[in-house]
$ cat query_35.cif   # mmCIF, C-alpha atoms
data_run
loop_
_atom_site.label_atom_id
_atom_site.label_comp_id
_atom_site.auth_asym_id
_atom_site.auth_seq_id
_atom_site.Cartn_x
_atom_site.Cartn_y
_atom_site.Cartn_z
CA MET A 1 -43.88 -51.33 -2.72
CA LYS A 2 -41.73 -52.31 -5.69
CA THR A 3 -40.81 -48.66 -6.32
CA LYS A 4 -39.87 -48.23 -2.67
CA LEU A 5 -37.65 -51.29 -2.76
CA LEU A 6 -35.92 -50.04 -5.91
CA THR A 7 -35.30 -46.64 -4.27
CA LEU A 8 -33.81 -48.27 -1.18
CA ALA A 9 -31.62 -50.49 -3.33
CA ALA A 10 -30.34 -47.53 -5.33
CA ALA A 11 -29.58 -45.62 -2.15
CA ALA A 12 -27.69 -48.62 -0.75
CA LEU A 13 -25.70 -48.96 -3.96
CA LEU A 14 -24.74 -45.28 -3.94
CA ALA A 15 -23.71 -45.52 -0.29
CA ALA A 16 -21.51 -48.51 -1.06
CA CYS A 17 -19.82 -46.67 -3.95
CA ALA A 18 -19.28 -43.38 -2.07
CA THR A 19 -15.65 -42.46 -1.39
CA PRO A 20 -14.89 -42.41 2.34
CA THR A 21 -14.05 -39.00 3.78
CA LEU A 22 -10.29 -38.52 4.01
CA GLN A 23 -9.18 -38.38 7.62
CA ILE A 24 -6.49 -35.69 8.11
CA ASP A 25 -4.39 -35.44 11.26
CA ARG A 26 -3.90 -31.75 12.12
CA THR A 27 -2.14 -32.18 15.45
CA HIS A 28 1.31 -31.31 14.05
CA VAL A 29 1.83 -27.64 13.10
CA SER A 30 5.01 -26.45 11.38
CA GLU A 31 6.89 -23.46 12.78
CA ASN A 32 8.14 -22.68 9.26
CA GLN A 33 5.34 -20.49 7.95
CA ASP A 34 4.01 -16.96 7.80
CA SER A 35 1.08 -15.05 6.35
CA ARG A 36 0.42 -15.12 2.62
CA ALA A 37 -0.20 -11.35 2.95
CA GLN A 38 3.26 -9.77 2.80
CA PHE A 39 2.27 -6.30 1.53
CA LEU A 40 -0.48 -3.79 2.21
CA ILE A 41 -1.32 -1.47 -0.70
CA LEU A 42 -3.28 1.79 -0.42
CA HIS A 43 -5.25 3.22 -3.35
CA TYR A 44 -7.72 5.97 -4.13
CA THR A 45 -10.77 5.11 -6.22
CA VAL A 46 -11.15 8.24 -8.47
CA LEU A 47 -14.91 7.52 -8.27
CA ASP A 48 -17.64 8.42 -5.81
CA PHE A 49 -18.74 5.82 -3.28
CA ASP A 50 -21.64 4.29 -5.25
CA ARG A 51 -19.63 3.87 -8.43
CA SER A 52 -16.60 2.63 -6.48
CA MET A 53 -18.70 -0.05 -4.82
CA LYS A 54 -20.20 -1.11 -8.16
CA VAL A 55 -16.85 -1.36 -9.94
CA LEU A 56 -15.18 -3.23 -7.08
CA THR A 57 -17.98 -5.76 -6.60
CA THR A 58 -19.40 -6.43 -10.07
CA GLY A 59 -17.99 -6.84 -13.58
CA GLY A 60 -15.24 -4.25 -13.44
CA LYS A 61 -12.51 -6.93 -13.24
CA VAL A 62 -10.97 -5.04 -10.32
CA SER A 63 -11.44 -5.55 -6.59
CA ALA A 64 -9.92 -4.82 -3.21
CA HIS A 65 -10.16 -6.37 0.20
CA TYR A 66 -11.52 -3.17 1.75
CA LEU A 67 -13.28 0.02 0.65
CA VAL A 68 -13.27 3.08 2.92
CA GLN A 69 -16.10 5.53 2.36
CA GLU A 70 -15.42 9.25 2.83
CA LYS A 71 -18.39 11.02 4.50
CA PRO A 72 -19.63 9.49 6.66
CA SER A 73 -16.55 7.34 6.92
CA LYS A 74 -17.29 3.62 6.90
CA VAL A 75 -15.18 0.54 6.17
CA TYR A 76 -16.51 -2.25 3.92
CA GLN A 77 -14.83 -5.63 3.47
CA LEU A 78 -15.28 -6.87 -0.09
CA VAL A 79 -12.81 -9.77 -0.28
CA ASP A 80 -11.68 -12.14 2.45
CA GLU A 81 -8.08 -11.49 3.47
CA ASN A 82 -7.18 -15.10 2.68
CA ARG A 83 -8.21 -14.66 -0.96
CA ARG A 84 -6.54 -12.66 -3.73
CA ALA A 85 -8.09 -9.35 -4.74
CA TRP A 86 -7.37 -7.75 -8.12
CA HIS A 87 -6.03 -4.33 -7.14
CA GLY A 88 -2.29 -4.08 -7.88
CA GLY A 89 -1.93 -5.00 -11.53
CA VAL A 90 1.59 -5.02 -12.96
CA SER A 91 3.65 -4.29 -9.87
CA TYR A 92 7.10 -4.44 -8.28
CA TRP A 93 8.70 -3.74 -4.93
CA GLY A 94 12.15 -4.72 -3.74
CA GLY A 95 12.44 -7.61 -6.19
CA ALA A 96 8.91 -8.93 -5.65
CA THR A 97 6.45 -8.90 -8.53
CA ASN A 98 2.79 -9.79 -9.10
CA LEU A 99 1.92 -8.33 -5.71
CA ASN A 100 -1.78 -9.18 -5.97
CA SER A 101 -0.81 -12.68 -4.90
CA ALA A 102 0.87 -11.49 -1.71
CA SER A 103 -0.96 -8.34 -0.66
CA ILE A 104 -4.05 -6.82 0.90
CA GLY A 105 -5.56 -3.87 -0.94
CA ILE A 106 -7.42 -0.93 0.58
CA GLU A 107 -9.36 1.36 -1.74
CA ILE A 108 -10.10 4.83 -0.33
CA VAL A 109 -12.97 6.79 -1.84
CA ASN A 110 -11.35 9.96 -3.22
CA PRO A 111 -11.70 11.72 -6.60
CA GLY A 112 -7.94 11.80 -7.16
CA PHE A 113 -6.78 14.80 -9.19
CA THR A 114 -8.28 17.44 -11.46
CA GLU A 115 -6.37 19.00 -14.35
CA THR A 116 -6.46 22.80 -14.09
CA PRO A 117 -4.66 25.67 -15.90
CA MET A 118 -2.32 25.74 -12.90
CA GLY A 119 -1.63 22.04 -13.09
CA ARG A 120 -2.99 19.00 -11.28
CA VAL A 121 -4.92 19.61 -8.09
CA TYR A 122 -5.31 16.60 -5.78
CA ALA A 123 -8.40 16.26 -3.59
CA PRO A 124 -7.91 16.19 0.19
CA TYR A 125 -8.94 13.28 2.41
CA PRO A 126 -11.41 13.94 5.25
CA GLN A 127 -9.74 13.38 8.61
CA GLU A 128 -12.41 10.94 9.81
CA GLN A 129 -11.71 8.82 6.74
CA ILE A 130 -7.95 8.87 7.44
CA ASP A 131 -8.62 7.93 11.07
CA ASP A 132 -10.52 4.84 9.87
CA VAL A 133 -7.81 3.97 7.35
CA ILE A 134 -5.20 4.11 10.12
CA LYS A 135 -7.30 1.91 12.40
CA LEU A 136 -7.89 -0.56 9.58
CA VAL A 137 -4.17 -0.71 8.75
CA GLN A 138 -3.34 -1.24 12.43
CA GLU A 139 -5.71 -4.18 12.63
CA ILE A 140 -4.50 -5.77 9.39
CA VAL A 141 -0.84 -5.40 10.37
CA ALA A 142 -1.53 -6.95 13.78
CA ARG A 143 -3.43 -9.82 12.17
CA GLN A 144 -1.08 -10.54 9.26
CA GLY A 145 2.30 -9.42 10.59
CA ILE A 146 3.01 -7.16 7.61
CA ARG A 147 6.34 -5.33 7.81
CA SER A 148 6.29 -1.54 8.06
CA ASP A 149 8.39 -1.13 4.90
CA ARG A 150 5.76 -3.07 2.97
CA ILE A 151 2.89 -0.67 3.69
CA LEU A 152 2.87 1.08 0.33
CA GLY A 153 0.91 3.17 -2.11
CA HIS A 154 -0.20 1.95 -5.50
CA ASN A 155 2.19 4.48 -7.00
CA ASP A 156 5.10 2.95 -5.07
CA ILE A 157 4.62 -0.40 -6.78
CA ALA A 158 3.75 1.09 -10.18
CA PRO A 159 5.42 4.53 -10.47
CA GLY A 160 4.34 6.56 -13.46
CA ARG A 161 1.51 4.18 -14.29
CA LYS A 162 -0.31 5.01 -11.05
CA GLN A 163 -0.42 8.10 -8.81
CA ASP A 164 -2.65 6.92 -5.97
CA PRO A 165 -3.04 7.54 -3.13
CA GLY A 166 -1.36 10.78 -4.28
CA PRO A 167 0.43 13.66 -2.53
CA ALA A 168 -2.66 14.60 -0.50
CA PHE A 169 -2.53 11.29 1.38
CA PRO A 170 -1.00 11.99 4.83
CA TRP A 171 1.70 9.31 5.12
CA LYS A 172 3.15 11.22 8.06
CA GLN A 173 0.04 10.33 10.09
CA LEU A 174 0.75 6.64 9.50
CA ALA A 175 4.26 7.28 10.80
CA ASP A 176 2.84 9.08 13.84
CA ALA A 177 0.69 6.01 14.50
CA GLY A 178 3.78 3.78 14.50
CA LEU A 179 2.85 2.01 11.27
CA ILE A 180 5.71 3.13 9.02
CA ALA A 181 9.17 4.58 9.59
CA TRP A 182 9.89 8.23 8.77
CA PRO A 183 13.11 10.09 7.85
CA ASP A 184 14.90 11.67 10.80
CA ALA A 185 14.26 15.41 10.29
CA ALA A 186 17.53 16.39 11.99
CA GLN A 187 19.57 14.20 9.66
CA VAL A 188 17.66 15.48 6.63
CA GLN A 189 18.37 19.07 7.64
CA ILE A 190 22.11 18.40 7.92
CA LYS A 191 22.29 16.60 4.58
CA GLN A 192 20.23 19.25 2.84
CA ALA A 193 22.57 21.99 4.04
CA ILE A 194 25.48 20.04 2.55
CA TYR A 195 23.78 19.52 -0.80
CA GLN A 196 22.82 23.18 -1.03
CA VAL A 197 26.49 24.15 -1.26
CA ALA A 198 27.93 20.97 -2.79
CA PRO A 199 26.86 19.47 -6.13
CA VAL A 200 23.63 17.47 -5.98
CA PRO A 201 24.32 13.80 -6.78
CA ASP A 202 23.91 12.68 -10.37
CA ALA A 203 21.30 10.41 -11.95
CA VAL A 204 23.40 7.28 -11.31
CA TRP A 205 23.32 8.00 -7.56
CA PHE A 206 19.58 8.72 -7.55
CA GLN A 207 18.77 5.58 -9.53
CA LYS A 208 20.82 3.33 -7.26
CA ARG A 209 19.34 4.83 -4.08
CA LEU A 210 15.76 4.64 -5.34
CA ALA A 211 16.26 0.98 -6.25
CA GLN A 212 17.67 0.47 -2.76
CA VAL A 213 14.42 1.83 -1.31
CA GLY A 214 12.47 -0.74 -3.34
CA TYR A 215 11.28 1.08 -6.45
CA GLN A 216 11.63 -0.44 -9.89
CA THR A 217 14.08 2.13 -11.22
CA PRO A 218 15.93 2.37 -14.55
CA GLN A 219 19.72 2.19 -14.21
CA THR A 220 20.51 4.24 -17.30
CA GLY A 221 22.56 6.98 -15.65
CA GLN A 222 20.21 9.50 -17.27
CA LEU A 223 17.40 11.60 -15.82
CA ASP A 224 14.91 10.01 -18.20
CA THR A 225 11.12 10.09 -17.96
CA ALA A 226 10.89 6.83 -16.03
CA THR A 227 13.44 8.03 -13.48
CA ARG A 228 11.58 11.32 -13.04
CA GLU A 229 8.39 9.36 -12.37
CA VAL A 230 10.08 7.33 -9.63
CA ILE A 231 11.58 10.48 -8.07
CA SER A 232 8.15 12.13 -8.19
CA THR A 233 6.58 9.12 -6.48
CA PHE A 234 9.22 9.25 -3.73
CA GLN A 235 8.56 12.98 -3.30
CA MET A 236 4.79 12.48 -3.07
CA LYS A 237 5.34 10.47 0.09
CA TYR A 238 8.13 12.35 1.84
CA ARG A 239 7.85 15.87 0.35
CA PRO A 240 4.35 16.28 -1.07
CA ALA A 241 4.64 20.06 -1.39
CA ASP A 242 6.84 19.58 -4.47
CA PHE A 243 6.78 16.37 -6.49
CA SER A 244 8.20 17.73 -9.74
CA GLY A 245 10.62 14.83 -10.16
CA ASN A 246 13.67 17.10 -10.05
CA MET A 247 16.95 15.99 -8.49
CA ASP A 248 17.25 18.81 -5.95
CA ALA A 249 19.08 19.19 -2.63
CA GLU A 250 16.12 18.37 -0.38
CA THR A 251 15.20 15.24 -2.33
CA ALA A 252 18.82 14.06 -2.28
CA ALA A 253 18.93 14.64 1.49
CA LEU A 254 15.71 12.71 2.04
CA LEU A 255 16.84 9.87 -0.19
CA GLU A 256 20.21 9.57 1.54
CA VAL A 257 18.60 9.49 4.99
CA VAL A 258 15.96 6.97 3.92
CA THR A 259 18.66 4.61 2.60
CA THR A 260 21.17 5.06 5.45
CA PRO A 261 21.06 2.73 8.48
CA GLY A 262 19.66 4.67 11.42
CA GLY A 263 18.12 7.31 9.19
CA MET A 264 14.53 6.15 9.59
CA LEU A 265 12.70 6.57 12.90
CA MET A 266 9.94 4.25 14.01
CA LYS A 267 7.46 5.23 16.70
CA LYS A 268 6.00 2.80 19.16
CA PRO A 269 2.72 1.59 17.62
CA LEU A 270 -0.46 3.01 19.11
CA PRO A 271 -3.43 0.82 20.08
CA ALA A 272 -5.86 0.27 17.20
CA ASP A 273 -8.50 2.41 18.93
CA SER A 274 -6.20 5.42 19.41
CA ARG A 275 -5.71 8.37 17.11
CA PRO A 276 -2.12 9.22 16.09
CA ARG A 277 -1.18 12.11 18.40
CA SER A 278 2.22 11.22 19.90
CA GLU A 279 5.57 12.73 18.91
CA TYR A 280 9.00 11.23 18.38
#
$ encode --input "query_35.cif" --output "C-alpha cells"
Amino acid sequence: MKTKLLTLAAAALLAACATPTLQIDRTHVSENQDSRAQFLILHYTVLDFDRSMKVLTTGGKVSAHYLVQEKPSKVYQLVDENRRAWHGGVSYWGGATNLNSASIGIEIVNPGFTETPMGRVYAPYPQEQIDDVIKLVQEIVARQGIRSDRILGHNDIAPGRKQDPGPAFPWKQLADAGLIAWPDAAQVQIKQAIYQVAPVPDAVWFQKRLAQVGYQTPQTGQLDTATREVISTFQMKYRPADFSGNMDAETAALLEVVTTPGGMLMKKPLPADSRPRSEY
C-alpha cells in the first residue's frame, strides 16, 4: 500500500511540474509565401538499381527525393519533399547557390558514360523510364509550383564538375509535355544562316549570354576550359548531337534565341497521365 501511495504521489508531482501544451492559433494564414522547393534537379546514378538504392538510402552521404528504376520502370520516394535531400552539392543557377536547400532531386538509374577509343559513349534511357520521369516531374511541378526555367540537370548547376543527366537525356520530350520552354526552331534557323556567313560572336558574347541563361560562367573574355564546359553543358541540352564546347554558328544561334524575349516556346502542359505527343 505504501509503495502504491508513493507511486501515486510521484505521478501527481510530475503532472504538476509538466509544462502545459502551447496553444497555437492557426486561423490566420499569410498570403506572402511559396514553396520551399524552387528548383527541380535531374540526375543519373551511374550505378545499377540495387547499388543506387543502397548509396542513396544508407551511409553514402548522398540522397535524393526520388529514384526512378529503369526496367521495369518504377518510382521510389526516398526523402519527403518537405525535407532537404543531399543531391546537388556545390551548385549555382541564376544567382542562387546551395540549391540542396531549395530543390527536389530526382535520380534516374542510368550507367552514364563509357570511355571508348572513339570517345565517351552515353547510355540511352528506356522510354518507359522517361515516361515515368515526365509524369513524376508533372506531379511535382503541380504540387510545388516550380517554374519551368528551374527544371534543370545536375550539369546545369555544376557544369564541368557534373555531366548528368547527359546528352542522351531527352529534354525535348519534357518540352513536348509542356514542362520546359524550347528554342523556336524557325528563329534558330534564321540566326544560324546569319552566323554561317558572318563572324561567330566572340568569347565575351558567349560568356555574357550563358550567364544570362543562368549558368555560372567565367567572364574572362577567353575561351578557357571553364567556358568550354559551360558551352558543352548548354549543347548537351539543346544540341546533344555535338557537345564539343566549340563556339560555332549553330550554338550561337541557339544561345541568341534562348536569351531573346519571344525566342522560347512553351507548350500547354499535358495532364500528368498523358504521354507527350502534341506538337507546337
$ closest_residue --input "query_35.cif" --among "A:Pro159, A:Pro72, A:Gly105, A:Pro269" --to "Gln129 of chain A" --atoms "all atoms listed in the file"
A:Pro72
$ residues_around --input "query_35.cif" --residues "segment 175-187 of chain A" --least-positions-apart "2" --cutoff "6 Å" --atoms "all atoms listed in the file" --output "PyMOL selection string"
chain A and resi 148+172-173+189-190+258+263-270+276
$ closest_residue --input "query_35.cif" --among "A:Asp248, A:Thr27, A:Leu210, A:Glu229" --to "Val197 of chain A" --atoms "all atoms listed in the file"
A:Asp248
$ atom_distance --input "query_35.cif" --atom1 "atom CA of Gly59 of chain A" --atom2 "atom CA of His43 of chain A"
19.2 Å
$ resolve_selection --input "query_35.cif" --expression "the PyMOL selection byres ((chain A and resi 86-103) around 6)" --output "list in words"
Arg36, Ala37, Gln38, Phe39, Leu40, Val62, Ser63, Ala64, Arg84, Ala85, Ile104, Ile157, Ala158, Gly214 and Tyr215 of chain A
$ atom_distance --input "query_35.cif" --atom1 "atom CA of Glu139 of chain A" --atom2 "atom CA of His28 of chain A"
28.1 Å
$ atom_distance --input "query_35.cif" --atom1 "atom CA of Gly145 of chain A" --atom2 "atom CA of Gln33 of chain A"
11.8 Å
$ residues_around --input "query_35.cif" --residues "Thr259 of chain A" --least-positions-apart "2" --cutoff "10 Å" --atoms "all atoms listed in the file" --output "list in words"
Pro183, Arg209, Leu210, Ala211, Gln212, Val213, Leu254, Leu255, Glu256, Val257, Pro261, Gly262, Gly263 and Met264 of chain A
$ resolve_selection --input "query_35.cif" --expression "the PyMOL selection byres ((chain A and resi 56-58) around 12)" --output "PyMOL selection string"
chain A and resi 45+47-55+59-68+76-79+85-87+105-109
$ closest_residue --input "query_35.cif" --among "A:Ala203, A:Val29, A:Leu174, A:Val188" --to "Arg228 of chain A" --atoms "only C-alpha atoms"
A:Ala203
$ residues_around --input "query_35.cif" --residues "Ala226 of chain A" --least-positions-apart "5" --cutoff "8 Å" --atoms "only C-alpha atoms" --output "number ranges by chain"
A: 160, 217-218
$ closest_residue --input "query_35.cif" --among "A:Val121, A:Ala198, A:Val46, A:Ile140" --to "Asp80 of chain A" --atoms "all atoms listed in the file"
A:Ile140
$ closest_residue --input "query_35.cif" --among "A:Gln144, A:Ser30, A:Thr260, A:Gln163" --to "Arg120 of chain A" --atoms "only C-alpha atoms"
A:Gln163
$ decode --input "query_35.cif" --residues "segment 34-61 of chain A" --atoms "N, CA, C and O atoms" --output "PDB file, in the first residue's frame"
ATOM      1  N   ASP A  34       5.485  30.939 -50.414  1.00  0.00           N
ATOM      2  CA  ASP A  34       5.503  29.994 -51.529  1.00  0.00           C
ATOM      3  C   ASP A  34       6.211  28.733 -51.066  1.00  0.00           C
ATOM      4  O   ASP A  34       6.571  28.601 -49.897  1.00  0.00           O
ATOM      5  N   SER A  35       6.407  27.798 -51.988  1.00  0.00           N
ATOM      6  CA  SER A  35       7.033  26.531 -51.638  1.00  0.00           C
ATOM      7  C   SER A  35       8.517  26.722 -51.350  1.00  0.00           C
ATOM      8  O   SER A  35       9.183  27.563 -51.967  1.00  0.00           O
ATOM      9  N   ARG A  36       9.042  25.941 -50.417  1.00  0.00           N
ATOM     10  CA  ARG A  36      10.487  25.936 -50.195  1.00  0.00           C
ATOM     11  C   ARG A  36      11.209  25.340 -51.403  1.00  0.00           C
ATOM     12  O   ARG A  36      12.379  25.626 -51.642  1.00  0.00           O
ATOM     13  N   ALA A  37      10.532  24.483 -52.172  1.00  0.00           N
ATOM     14  CA  ALA A  37      11.129  23.843 -53.348  1.00  0.00           C
ATOM     15  C   ALA A  37      11.016  24.789 -54.538  1.00  0.00           C
ATOM     16  O   ALA A  37       9.941  24.960 -55.116  1.00  0.00           O
ATOM     17  N   GLN A  38      12.113  25.412 -54.909  1.00  0.00           N
ATOM     18  CA  GLN A  38      12.140  26.373 -56.004  1.00  0.00           C
ATOM     19  C   GLN A  38      12.762  25.787 -57.278  1.00  0.00           C
ATOM     20  O   GLN A  38      12.601  26.343 -58.365  1.00  0.00           O
ATOM     21  N   PHE A  39      13.477  24.682 -57.145  1.00  0.00           N
ATOM     22  CA  PHE A  39      14.176  24.058 -58.270  1.00  0.00           C
ATOM     23  C   PHE A  39      13.891  22.559 -58.278  1.00  0.00           C
ATOM     24  O   PHE A  39      13.625  21.957 -57.236  1.00  0.00           O
ATOM     25  N   LEU A  40      13.974  21.978 -59.466  1.00  0.00           N
ATOM     26  CA  LEU A  40      13.872  20.530 -59.613  1.00  0.00           C
ATOM     27  C   LEU A  40      15.091  20.081 -60.413  1.00  0.00           C
ATOM     28  O   LEU A  40      15.299  20.563 -61.547  1.00  0.00           O
ATOM     29  N   ILE A  41      15.899  19.200 -59.840  1.00  0.00           N
ATOM     30  CA  ILE A  41      17.169  18.815 -60.438  1.00  0.00           C
ATOM     31  C   ILE A  41      17.151  17.340 -60.832  1.00  0.00           C
ATOM     32  O   ILE A  41      16.825  16.479 -60.010  1.00  0.00           O
ATOM     33  N   LEU A  42      17.522  17.063 -62.085  1.00  0.00           N
ATOM     34  CA  LEU A  42      17.550  15.699 -62.615  1.00  0.00           C
ATOM     35  C   LEU A  42      18.990  15.187 -62.682  1.00  0.00           C
ATOM     36  O   LEU A  42      19.894  15.907 -63.116  1.00  0.00           O
ATOM     37  N   HIS A  43      19.158  13.937 -62.269  1.00  0.00           N
ATOM     38  CA  HIS A  43      20.477  13.304 -62.218  1.00  0.00           C
ATOM     39  C   HIS A  43      20.415  11.924 -62.889  1.00  0.00           C
ATOM     40  O   HIS A  43      19.342  11.347 -63.041  1.00  0.00           O
ATOM     41  N   TYR A  44      21.580  11.374 -63.237  1.00  0.00           N
ATOM     42  CA  TYR A  44      21.669   9.928 -63.439  1.00  0.00           C
ATOM     43  C   TYR A  44      22.569   9.354 -62.360  1.00  0.00           C
ATOM     44  O   TYR A  44      23.409  10.041 -61.791  1.00  0.00           O
ATOM     45  N   THR A  45      22.384   8.061 -62.063  1.00  0.00           N
ATOM     46  CA  THR A  45      23.033   7.477 -60.891  1.00  0.00           C
ATOM     47  C   THR A  45      24.438   6.940 -61.157  1.00  0.00           C
ATOM     48  O   THR A  45      25.246   6.839 -60.231  1.00  0.00           O
ATOM     49  N   VAL A  46      24.738   6.516 -62.400  1.00  0.00           N
ATOM     50  CA  VAL A  46      25.986   5.853 -62.793  1.00  0.00           C
ATOM     51  C   VAL A  46      26.063   4.427 -62.244  1.00  0.00           C
ATOM     52  O   VAL A  46      26.947   3.667 -62.620  1.00  0.00           O
ATOM     53  N   LEU A  47      25.143   4.030 -61.401  1.00  0.00           N
ATOM     54  CA  LEU A  47      25.118   2.704 -60.790  1.00  0.00           C
ATOM     55  C   LEU A  47      23.870   1.950 -61.218  1.00  0.00           C
ATOM     56  O   LEU A  47      22.901   2.559 -61.680  1.00  0.00           O
ATOM     57  N   ASP A  48      23.882   0.619 -61.019  1.00  0.00           N
ATOM     58  CA  ASP A  48      22.671  -0.146 -61.271  1.00  0.00           C
ATOM     59  C   ASP A  48      21.658   0.128 -60.155  1.00  0.00           C
ATOM     60  O   ASP A  48      21.956   0.836 -59.185  1.00  0.00           O
ATOM     61  N   PHE A  49      20.475  -0.426 -60.283  1.00  0.00           N
ATOM     62  CA  PHE A  49      19.409  -0.089 -59.342  1.00  0.00           C
ATOM     63  C   PHE A  49      19.751  -0.459 -57.896  1.00  0.00           C
ATOM     64  O   PHE A  49      19.593   0.364 -56.980  1.00  0.00           O
ATOM     65  N   ASP A  50      20.224  -1.682 -57.675  1.00  0.00           N
ATOM     66  CA  ASP A  50      20.498  -2.133 -56.306  1.00  0.00           C
ATOM     67  C   ASP A  50      21.542  -1.266 -55.627  1.00  0.00           C
ATOM     68  O   ASP A  50      21.377  -0.847 -54.464  1.00  0.00           O
ATOM     69  N   ARG A  51      22.626  -0.971 -56.343  1.00  0.00           N
ATOM     70  CA  ARG A  51      23.675  -0.143 -55.743  1.00  0.00           C
ATOM     71  C   ARG A  51      23.211   1.307 -55.590  1.00  0.00           C
ATOM     72  O   ARG A  51      23.577   1.985 -54.619  1.00  0.00           O
ATOM     73  N   SER A  52      22.399   1.781 -56.526  1.00  0.00           N
ATOM     74  CA  SER A  52      21.859   3.138 -56.413  1.00  0.00           C
ATOM     75  C   SER A  52      21.010   3.270 -55.157  1.00  0.00           C
ATOM     76  O   SER A  52      21.143   4.237 -54.388  1.00  0.00           O
ATOM     77  N   MET A  53      20.139   2.285 -54.942  1.00  0.00           N
ATOM     78  CA  MET A  53      19.273   2.316 -53.767  1.00  0.00           C
ATOM     79  C   MET A  53      20.100   2.280 -52.476  1.00  0.00           C
ATOM     80  O   MET A  53      19.819   3.012 -51.517  1.00  0.00           O
ATOM     81  N   LYS A  54      21.143   1.458 -52.463  1.00  0.00           N
ATOM     82  CA  LYS A  54      21.971   1.351 -51.258  1.00  0.00           C
ATOM     83  C   LYS A  54      22.685   2.663 -50.964  1.00  0.00           C
ATOM     84  O   LYS A  54      22.689   3.152 -49.821  1.00  0.00           O
ATOM     85  N   VAL A  55      23.290   3.262 -51.980  1.00  0.00           N
ATOM     86  CA  VAL A  55      24.034   4.508 -51.789  1.00  0.00           C
ATOM     87  C   VAL A  55      23.112   5.637 -51.344  1.00  0.00           C
ATOM     88  O   VAL A  55      23.452   6.432 -50.466  1.00  0.00           O
ATOM     89  N   LEU A  56      21.918   5.694 -51.931  1.00  0.00           N
ATOM     90  CA  LEU A  56      21.002   6.803 -51.656  1.00  0.00           C
ATOM     91  C   LEU A  56      20.252   6.657 -50.333  1.00  0.00           C
ATOM     92  O   LEU A  56      19.651   7.628 -49.863  1.00  0.00           O
ATOM     93  N   THR A  57      20.285   5.475 -49.749  1.00  0.00           N
ATOM     94  CA  THR A  57      19.499   5.269 -48.521  1.00  0.00           C
ATOM     95  C   THR A  57      20.334   4.902 -47.305  1.00  0.00           C
ATOM     96  O   THR A  57      19.806   4.868 -46.194  1.00  0.00           O
ATOM     97  N   THR A  58      21.630   4.625 -47.496  1.00  0.00           N
ATOM     98  CA  THR A  58      22.438   4.216 -46.347  1.00  0.00           C
ATOM     99  C   THR A  58      23.558   5.224 -46.100  1.00  0.00           C
ATOM    100  O   THR A  58      23.335   6.423 -46.098  1.00  0.00           O
ATOM    101  N   GLY A  59      24.781   4.769 -45.916  1.00  0.00           N
ATOM    102  CA  GLY A  59      25.858   5.650 -45.469  1.00  0.00           C
ATOM    103  C   GLY A  59      26.622   6.364 -46.549  1.00  0.00           C
ATOM    104  O   GLY A  59      27.753   6.801 -46.317  1.00  0.00           O
ATOM    105  N   GLY A  60      26.050   6.505 -47.726  1.00  0.00           N
ATOM    106  CA  GLY A  60      26.778   7.125 -48.823  1.00  0.00           C
ATOM    107  C   GLY A  60      26.875   8.634 -48.760  1.00  0.00           C
ATOM    108  O   GLY A  60      27.514   9.255 -49.603  1.00  0.00           O
ATOM    109  N   LYS A  61      26.208   9.250 -47.767  1.00  0.00           N
ATOM    110  CA  LYS A  61      26.199  10.707 -47.592  1.00  0.00           C
ATOM    111  C   LYS A  61      25.670  11.429 -48.824  1.00  0.00           C
ATOM    112  O   LYS A  61      26.056  12.565 -49.130  1.00  0.00           O
TER     113      LYS A  61
END
